[in-house]
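Visitor: I'd like to ask you about the structure that follows.
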Amino acid sequence: MIWSSHYPVLQVVLPLLMAPFIIMLRPARLAWLAATATSLLAFAVSVALVNLVNDSGAMSYPVGGWAAPYGIELRVDSLSAMMLLIVSGASSLALLASYRSLTTEIGEDRLGLFLSAWMLVLAGLSGILVAADAFNIFVFMEIASLASYVLVSGGADRRALPTVFKYLVMGTLGATFYLIGVGLIYIMTGTLNLADMAVRIQDVQDPILFFAAAGFISVGLALKAAIFPLHAWLPNAYTFAPHAVSVFLAACSTKVALYVFFRVDFALFQGNLGHHAEQFSLYLMPMALAAILYGSAMAIREPLVKRLFAWSSIAQIGYIILGVSLLTEASISAALLHMFNHALAKGALFIGIIALAAHTHSLSLQGIAGLGRNHPVIGTAILLAGLSLVGIPGTAGFISKWLLIEAIIEQQRFVIPLLAVVLISSLMAVVYIAKVAEALFFAEAPTTPANNRVSAAALVLLIVVFANIVFGLAPQFPIGLAEQAAQLLLLGSAI
Amino acid sequence: MIELLPPALILLASALWIALVPNVWHRLGLFFGPVLTLYAIWMVPDGVSLTAPFLDYQLELIEASPERRLFATIFAIMAGVGGLYAFNHARRLELASAFAYASGAIGVCFAGDLITLFLFWELMALFSTLVVWFGGTPGARAAGVRYAIVHLLGGVILKVGIEGVVVHTGSIDIQPLQANNFDTYMMLAGILINAAAPPVSAWLSDAYPEASPSGSLFLSAFTTKTAILALILLFPGTELLIYVGMFMILYGIIWALLENNVRRILAFSIVNQVGFMVVAVGIGTPMALNGATAHAFAHIIYKALLFMSAGVVIYHTGKEKCNELGGLYRTMPITAACGIVGALAISSFPLTSGFTTKTMISEAASMEGLVLVWYVLAAASAGVFLHAGIKFPWYVFFQKDSGLRPKDAPWNMSLAMLLFVAMCFLIGIMPAPFYELLPYPTDFNAYKPGKVVFYLQLLLFSGLAFFLLLPLIKRTNTLTLDTDWLWRRLGKSLALHGLNALSKLSSAFARVSPLVTSRITQWANASSSDQEQQGTLSWSIGTTAAWIMTLLILYIGYYYW
Amino acid sequence: MQDNNTQRIIHRAWFIFAVILIATLVVEWFVPGKTPFESSQWWSFGAVFGFFSCFAMVVFAKLLGFVLKRSEDYYQETQDD
């Protein structure tokens with residue numbers, strides 16, 4: 001039995017099977033160990049998958065040996081492999097950094113239940129990424145969503161409850177819209193397998209049904225991806241969730257939704273739906289620009305640090321959408337690269353929050369005052385991650401911004417307005433990162449004594465920030481993946 | 001082996017050393033860093049020495065030429081002498097940041113391609129912001145934030161320009177460009193921001209006085225001069241620069257005349273002097289470019305001298321306003337003397353470095369027949385004597401008896417100042433060896449008798465005017481408005497109102513259908529204490545539902561257009 | 001409040017200064033071509049030009065000051081950003 005051919009299914013099955021098992025582990029430490037080990041194994045599998053896909057192209061896996069399109073198919077290509085790395089990596093790093101934080105916020109007795117939900121989220125997100133079947137995607141999406149509601153509300157902060165309610169309703173709305181769209185396509189084509197759909201949809205006669213399906217799917221996924229103006233669930237969800245959950249969600253939840261959006265759109269709608277390319281651009285570009293400007297503006301005013309980062313995420317998602325909306329290979333690969341780099345930068349920032357949370361009760365700009373001076377390593381690391389967000393040379397964020405600007409200039413449409421938005425938003429990013437840096441390093445320090453033990457969170461933070469810089473100076477690996485993924489997407493849309 | 005290392009990295013390593021090595025050993029970095037860097041600078045051969053692949057390009061990490069080497073040399077010397085001056089007074093991290101800042105400047109000097117240049121440009125912006133922040137006062141913090149914003153904005157503008165040029169010409173090489181399209185204008189704008197050209201110069205007079213006295217010393221040397229080098233390499237002969245430079249010259253003088261704070265006077269003086277260099281780059285002939293380079297070299301030295309002298313006064317009296325100082329020559333003779341030498345040099349008094357370098361620029365203007373420019377430069381020389389040559393030493397060291405009796409400079413500061421005094425006179429009295437180092441061969445003779453007499457008349461009668469007009473130049477506790485009013489007052493209130501309006505608008509959306517959520521919110525709020533509700537209200541579910549329907553209809557509606 | 005000693009020093013200084021000024025004007029008689037342009041070739045040009053440019057700059061600055069000067073604390077109330 002060759003293990004490697006089963007990696008796609010292992011990626012999902014590992015965490016899925018561990019979930020019920022972890023509930024049975026009473027000692028919190030043991031539960032955490034099991035969850036972290038599973039997550040790390042999943043990460044190892046995703047690394048292996050990346051290598052496999054790089055060597056031999058996309059991998060297809062028929063579940064149970066039943067061939068597609070009748071059987072359920074799993075498929076891993078460059079795009080899904082890159083996303084799997086992000087998801088399993090984020091999960092592992094979040095878990096590694098947060099034992100103390102989790103036991104404080106969730107309590108030792110409930111940790112097993114909590115972590116089993118975490119495993120379900122991991123399984124669900126991984127499942128979305130490897131599924132080649134539109135309905136399976138929905139199933140895994142629901143698994144991931146339901147479990148993530150548990151995660152977000154898991155902490156002691158009561159403000160999480162109305163947040164989760166909002167998140168739940170909106171998430172369900174999004175998923176339901178997606179399902180309606182998929183159903184409509186099923187009616188039109190008689191199949192649920194994506195590859196098969198792509199073939200059959202070319203013969204569809206009734207345009208209205210097609211438009212409706214495209215509309216439902218796009219809007220539903222836009223909501224799950226928190227694209228402005230459907231972003232309302234995100235800021236509070238990231239803020240009031242337990243810090244470890246914020247790391248995990250901020251790094252991947254919206255990106256997986258974007259993945260589905262791009263996958264479905266490029267496979268089914270581009271090239272098949274008349275004038276879709278123009279509609280896609282004209283529809284998404286304003287939303288992207290609004291997201292960038294609105295998100296950055298709201299971040300500037302925000303006194304709570306976690307919510308500041310959350311608004312920043314909304315702006316960064318705007319960059320990704322902007323890149324894809326331009327529909328050139330260069331712009332799409334810049335956008336996909338930014339998914340990777342933003343996960344690194346934002347993940348680092350939220351891990352930094354975990355590290356800071358051990359030393360302060362309040363995570364507002366006043367609450368973190370002076371912590372950078374007392375804990376210079378943590379402070380500098382957070383500053384570096386913030387600089388990656390701004391796009392200083394030497395960091396990963398610089399590369400994706402550079403490539404995005406290059407792509408904008410090359411494609412020659414609306415160059416000046418787009419550059420103006422990028423310029424203004426970079427400025428705004430400088431302002432809000434400067435606020436955080438200024439609070440950390442130059443504001444009056446609180447009187448609580450410094451606890452100088454090196455925490456696990458600080459170590460993980462250093463690793464992630466180091467990765468930011470490594471991929472800022474030697475970005476060949478993620479760029480390669482992003483470029484391949486962009487080519488695949490565009491290829492899939494060619495008639 | 002050392003010649004294979006970018007000199008910038010050596011200095012950067014010494015910055016790390018200074019920051020991390022405990023106890024007194026860190027001071028070794030202050031000495032060895034600049035010395036080793038200087039050695040490396042002179043070991044680097046002309047042309048490209050080190051390349052590295054990056055993205056799709058081949059970066060040229062080290063490219064040397066006489067010009068670049070000269071700039072790098074004075075930067076390294078400045079770092080060393082600054083370290084000598086400051087090691088007893090400045091915080092260790094401030095010194096480390098200053099050295100890292102200097103290393104960024106040297107990196108720009110040797111950058112062979114636009115991307116490497118940009119990398120080091122941003123590094124300079126980062127570390128110079130830190131130097132400003134280490135001023136430690138709330139004023140320094142606020143000024144540091146404004147400084148960071150301006151410089152990172154300038155960086156983005158430069159970046160957009162560079163990317164445009166790279167995409168449209170396919171080359172990342174540093175070579176002279178014409179400022180005639182969007183990309184090159186953006187590049188020029190980005191560089192001019194760093195060069196402190198009005199209307200984007202307010203950052204300099206805002207931030208430099210807020211740093212610590214040693215911080216101001218380091219700040220004065222690097223950012224503006226690397227911008228000049230960038231202009232020399234990328235935009236020589238661009239006529240626009242002649243006018244920009246002349247405006248800078250006059251602006252610097254006028255605002256310095258109105259100013260009361262000693263360091264802010266010197267800051268405006270920087271704009272004024274850099275204006276001379278910008279004019280020279282605009283003229284673009286070999287004599288002019290020689291002049292720009294020579295002047296930059298000399299300027300760093302005598303400006304540093306002025307800042308050092310002012311720094312001692314501030315350290316020992318705690319005061320930095322003209323109307324609060326005076327009569328300090330009694331107890332600070334060395335500092336006063338060094339300050340006076342600096343003042344004479346900046347005024348291009350014969351026998352000082354200013355006379356043998358700045359006059360090259362006037363010569364270049366006359367060679368090209370640029371009458372107006374020559375007259376403006378001449379008037380400017382008079383003006384320099386007025387606002388810096390006399391005003392600074394007069395108000396600080398003479399004028400009236402302020403009652404202050406501060407001690408003179410400690411040994412290290414005196415030594416640092418005397419070193420630079422020596423260099424001022426050396427270049428002033430025996431300029432020939434220095435001329436050898438300039439990029440273009442020249443037989444310029446600074447000491448033609450007619451010229452000496454002319455300048456002596458010019459400067460001395462300006463002095464006469466100063467003393468006769470003294471009542472008009474009385475110092476007051478005021479500040480002078482500058483273009484930064486636009487964003488510190490107007491822009492800020494616009495932005496605040498704008499963001500507030502945005503927040504209110506956003507909150508309005510939140511109230512669309514509060515129903516169930518408000519119940520749960522009330523229940524949850526009852527058992528939590530939060531002060532975060534001052535922010536924007538989060539949008540309600542109903543709002544989002546409304547947006548969903550709108551977007552869906554828009555999506556499908558597009559197809560029916 | 002200057003005592004007699006200081007008064008004498010100041011008078012002395014003015015005297016020496018005046019001597020130097022006149023000396024520069026006189027020396028110009030004996031020294032050939034200095035400035036490159038026709039308009040500036042006349043005797044004592046440097047002196048006159050220097051004096052009047054300074055005069056003009058000081059006056060201009062004073063006038064501009066009426067428009068642009070504000071109290072030191074002008075930006076203080078908008079301190080936090």
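Lettering and numbering for the structure tokens are positional, with chains as A, B, ... in the shown order, residues counted from 1 in each chain, and ligands counted from 1 in the shown order.
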If we count only C-alpha atoms, which residues of chain B reach to within 6 Å of chain C? Please list them as a short mmCIF file (atom, residue, chain, number, x, y, z; two decimals) with N, CA and C atoms, in the first residue's frame.
Guide:
```cif
data_model
loop_
_atom_site.label_atom_id
_atom_site.label_comp_id
_atom_site.auth_asym_id
_atom_site.auth_seq_id
_atom_site.Cartn_x
_atom_site.Cartn_y
_atom_site.Cartn_z
N ILE B 254 14.40 82.26 4.48
CA ILE B 254 13.31 83.05 5.06
C ILE B 254 12.77 82.38 6.32
N ALA B 379 23.00 85.97 -3.91
CA ALA B 379 22.16 86.52 -2.84
C ALA B 379 22.01 85.49 -1.73
N ALA B 382 24.78 85.38 0.66
CA ALA B 382 24.63 86.44 1.65
C ALA B 382 23.61 86.02 2.69
N GLY B 383 22.52 85.45 2.22
CA GLY B 383 21.46 85.05 3.12
C GLY B 383 21.90 83.97 4.08
N GLY B 450 40.05 87.99 -7.44
CA GLY B 450 38.81 88.74 -7.64
C GLY B 450 37.66 88.09 -6.90
N LYS B 451 37.65 86.76 -6.95
CA LYS B 451 36.55 86.06 -6.30
C LYS B 451 36.62 86.21 -4.79
N PHE B 454 35.36 89.53 -3.86
CA PHE B 454 33.91 89.61 -4.04
C PHE B 454 33.18 88.96 -2.88
N GLN B 457 33.47 90.89 0.37
CA GLN B 457 32.57 92.04 0.40
C GLN B 457 31.14 91.56 0.68
N LEU B 458 30.74 90.57 -0.09
CA LEU B 458 29.39 90.05 0.03
C LEU B 458 29.07 89.68 1.47
N PHE B 461 29.50 92.69 4.24
CA PHE B 461 28.44 93.70 4.22
C PHE B 461 27.10 93.08 4.61
N SER B 462 26.94 91.78 4.40
CA SER B 462 25.75 91.13 4.92
C SER B 462 25.78 91.18 6.43
N ALA B 465 24.61 94.43 7.50
CA ALA B 465 23.14 94.50 7.44
C ALA B 465 22.53 93.82 8.65
N THR B 478 7.53 82.02 18.95
CA THR B 478 6.49 81.65 18.00
C THR B 478 7.00 80.53 17.11
N LEU B 479 6.09 79.94 16.38
CA LEU B 479 6.50 79.05 15.31
C LEU B 479 5.91 79.59 14.02
N THR B 480 6.51 79.18 12.93
CA THR B 480 6.07 79.68 11.63
C THR B 480 5.32 78.58 10.92
N LEU B 481 4.17 78.93 10.37
CA LEU B 481 3.39 77.92 9.67
C LEU B 481 4.12 77.43 8.44
#
```
Visitor: Would you pick out the contacts of Ala437 of chain A at 9 Å or less, using only C-alpha atoms, so that residues sharing its chain but fewer than 3 positions from it are not included, and give the list as a PDB file with N, CA and C atoms, in the first residue's frame?
Guide:
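Output below, filename part.pdb:
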```pdb
ATOM      1  N   GLY A 372       6.162  46.536  24.815  1.00  0.00           N
ATOM      2  CA  GLY A 372       7.286  46.300  23.924  1.00  0.00           C
ATOM      3  C   GLY A 372       8.609  46.586  24.598  1.00  0.00           C
ATOM      4  N   GLY A 379       7.907  42.437  21.345  1.00  0.00           N
ATOM      5  CA  GLY A 379       7.562  43.704  20.709  1.00  0.00           C
ATOM      6  C   GLY A 379       8.179  43.833  19.327  1.00  0.00           C
ATOM      7  N   THR A 380       9.473  43.513  19.224  1.00  0.00           N
ATOM      8  CA  THR A 380      10.123  43.630  17.924  1.00  0.00           C
ATOM      9  C   THR A 380       9.508  42.680  16.907  1.00  0.00           C
ATOM     10  N   ILE A 382       6.452  41.576  16.818  1.00  0.00           N
ATOM     11  CA  ILE A 382       5.163  42.113  16.370  1.00  0.00           C
ATOM     12  C   ILE A 382       5.391  43.260  15.399  1.00  0.00           C
ATOM     13  N   LEU A 383       6.375  44.087  15.716  1.00  0.00           N
ATOM     14  CA  LEU A 383       6.670  45.201  14.814  1.00  0.00           C
ATOM     15  C   LEU A 383       7.052  44.683  13.434  1.00  0.00           C
ATOM     16  N   GLY A 386       4.101  43.545  11.610  1.00  0.00           N
ATOM     17  CA  GLY A 386       3.357  44.710  11.149  1.00  0.00           C
ATOM     18  C   GLY A 386       3.992  45.317   9.911  1.00  0.00           C
ATOM     19  N   TYR A 432      -1.912  52.790  11.086  1.00  0.00           N
ATOM     20  CA  TYR A 432      -2.381  51.938  12.187  1.00  0.00           C
ATOM     21  C   TYR A 432      -1.294  51.052  12.756  1.00  0.00           C
ATOM     22  N   ILE A 433      -0.323  50.664  11.927  1.00  0.00           N
ATOM     23  CA  ILE A 433       0.792  49.910  12.502  1.00  0.00           C
ATOM     24  C   ILE A 433       1.633  50.829  13.397  1.00  0.00           C
ATOM     25  N   ALA A 434       1.776  52.086  12.971  1.00  0.00           N
ATOM     26  CA  ALA A 434       2.540  53.019  13.803  1.00  0.00           C
ATOM     27  C   ALA A 434       1.856  53.203  15.146  1.00  0.00           C
ATOM     28  N   LEU A 440       3.203  50.102  21.906  1.00  0.00           N
ATOM     29  CA  LEU A 440       4.048  49.058  22.477  1.00  0.00           C
ATOM     30  C   LEU A 440       5.351  49.609  23.023  1.00  0.00           C
ATOM     31  N   PHE A 441       5.964  50.527  22.276  1.00  0.00           N
ATOM     32  CA  PHE A 441       7.331  50.889  22.637  1.00  0.00           C
ATOM     33  C   PHE A 441       7.484  52.238  23.297  1.00  0.00           C
ATOM     34  N   PHE A 442       6.620  53.173  22.967  1.00  0.00           N
ATOM     35  CA  PHE A 442       6.919  54.515  23.437  1.00  0.00           C
ATOM     36  C   PHE A 442       5.896  55.083  24.396  1.00  0.00           C
TER      37      PHE A 442
END
```
Visitor: If you take only C-alpha atoms and a cut-off of 10 Å, which residues of chain A touch chain C, and what are their nearest atom pairs and distances in Å to one decimal, in chain and number order, as JSON lines?
Guide:
```
{"residue": "A:Ile300", "atom": "CA", "partner": "C:Asp81", "partner_atom": "CA", "distance": 10.0}
{"residue": "A:Val431", "atom": "CA", "partner": "C:Asp81", "partner_atom": "CA", "distance": 9.1}
{"residue": "A:Lys435", "atom": "CA", "partner": "C:Asp81", "partner_atom": "CA", "distance": 8.4}
```
Visitor: Would you write out those residues with C-alpha atoms, as a CSV table (one decimal), in the first residue's frame?
Guide:
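The resulting file, out_35.csv, is shown below:
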```csv
chain,number,residue,atom,x,y,z
A,300,ILE,CA,-7.1,53.5,12.1
A,431,VAL,CA,-0.7,54.8,10.4
A,435,LYS,CA,-0.2,53.4,16.4
```
Visitor: Please identify every residue of chain A that has at least one atom no farther than 8 Å from an atom of chain B, counting only C-alpha atoms, and for each give the shortest atom pair and the distance in Å to one decimal, arranged by chain then increasing number, as a tab-separated table.
Guide:
```
residue	atom	partner	partner_atom	distance
A:Asp157	CA	B:Ser528	CA	7.8
A:Arg158	CA	B:Ala524	CA	5.7
A:Arg159	CA	B:Ala524	CA	6.1
A:Leu161	CA	B:Ala524	CA	6.9
A:Pro162	CA	B:Thr521	CA	5.6
A:Phe165	CA	B:Thr517	CA	7.8
A:Lys166	CA	B:Ile541	CA	6.2
A:Val169	CA	B:Ile541	CA	7.4
A:Met170	CA	B:Ile541	CA	6.9
A:Phe211	CA	B:Ile556	CA	5.8
A:Ala212	CA	B:Ile556	CA	6.5
A:Gly215	CA	B:Leu552	CA	5.6
A:Phe216	CA	B:Leu552	CA	6.7
A:Val219	CA	B:Leu552	CA	6.2
A:Leu223	CA	B:Ile548	CA	7.9
A:Pro229	CA	B:Trp547	CA	6.8
A:Leu230	CA	B:Thr544	CA	5.9
A:Ala232	CA	B:Trp539	CA	5.6
A:Trp233	CA	B:Trp539	CA	8.0
A:Asn236	CA	B:Ser538	CA	7.6
A:His275	CA	B:Tyr559	CA	7.8
A:Gln279	CA	B:Tyr558	CA	6.5
A:Tyr283	CA	B:Tyr555	CA	7.2
A:Ala297	CA	B:Leu499	CA	6.9
A:Met298	CA	B:Leu499	CA	7.6
A:Arg301	CA	B:Leu499	CA	7.5
A:Glu302	CA	B:Gly535	CA	6.8
A:Pro303	CA	B:Glu532	CA	7.7
A:Leu304	CA	B:Glu532	CA	7.4
A:Ile392	CA	B:Glu122	CA	6.8
A:Pro393	CA	B:Leu119	CA	5.4
A:Gly394	CA	B:Leu119	CA	7.4
A:Trp402	CA	B:Glu163	CA	7.8
A:Ile405	CA	B:Val160	CA	7.2
A:Glu406	CA	B:Glu163	CA	6.1
A:Ile409	CA	B:Gly164	CA	6.5
A:Glu410	CA	B:Val167	CA	6.8
A:Leu419	CA	B:Val160	CA	7.6
A:Leu423	CA	B:Val156	CA	6.3
A:Ser426	CA	B:Val156	CA	7.5
A:Leu427	CA	B:Leu153	CA	5.9
A:Val430	CA	B:Ile149	CA	6.3
A:Val431	CA	B:Ile149	CA	6.7
A:Ala434	CA	B:Val145	CA	6.5
A:Glu438	CA	B:Arg141	CA	7.5
A:Phe442	CA	B:Arg141	CA	7.1
A:Leu473	CA	B:Phe54	CA	7.8
A:Ala474	CA	B:Phe54	CA	7.3
A:Pro475	CA	B:Leu55	CA	7.4
A:Gln476	CA	B:Leu55	CA	7.2
```
Visitor: What's around Met246 of chain B at 7 Å? Count only C-alpha atoms, leave out sequence neighbours fewer than 4 positions away in its own chain, and write the answer as a list in words.
Guide: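 Listed by chain and then number, they are Ile242, Leu250, Gly275 and Val279 of chain B.
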Visitor: Generate the output file for the selected residues, C-alpha atoms, as a tab-separated table (two decimals), in the first residue's frame.
Guide:
```tsv
chain	number	residue	atom	x	y	z
B	242	ILE	CA	17.12	74.25	-10.97
B	250	LEU	CA	15.11	80.98	-0.54
B	275	GLY	CA	18.81	73.52	-2.39
B	279	VAL	CA	20.35	73.43	-8.36
```
Visitor: I'd like the interatomic distance between atom CA of His497 of chain B and atom CA of Gly295 of chain A, to a tenth of an Å.
Guide: 16.9 Å
Visitor: Quick one: residues within 12 Å of Ala422 of chain B, only C-alpha atoms, excluding same-chain residues fewer than 2 positions away - as a PyMOL selection string?
Guide: chain B and resi 298+301-302+305+338+341-342+345+351-353+415-420+424-430
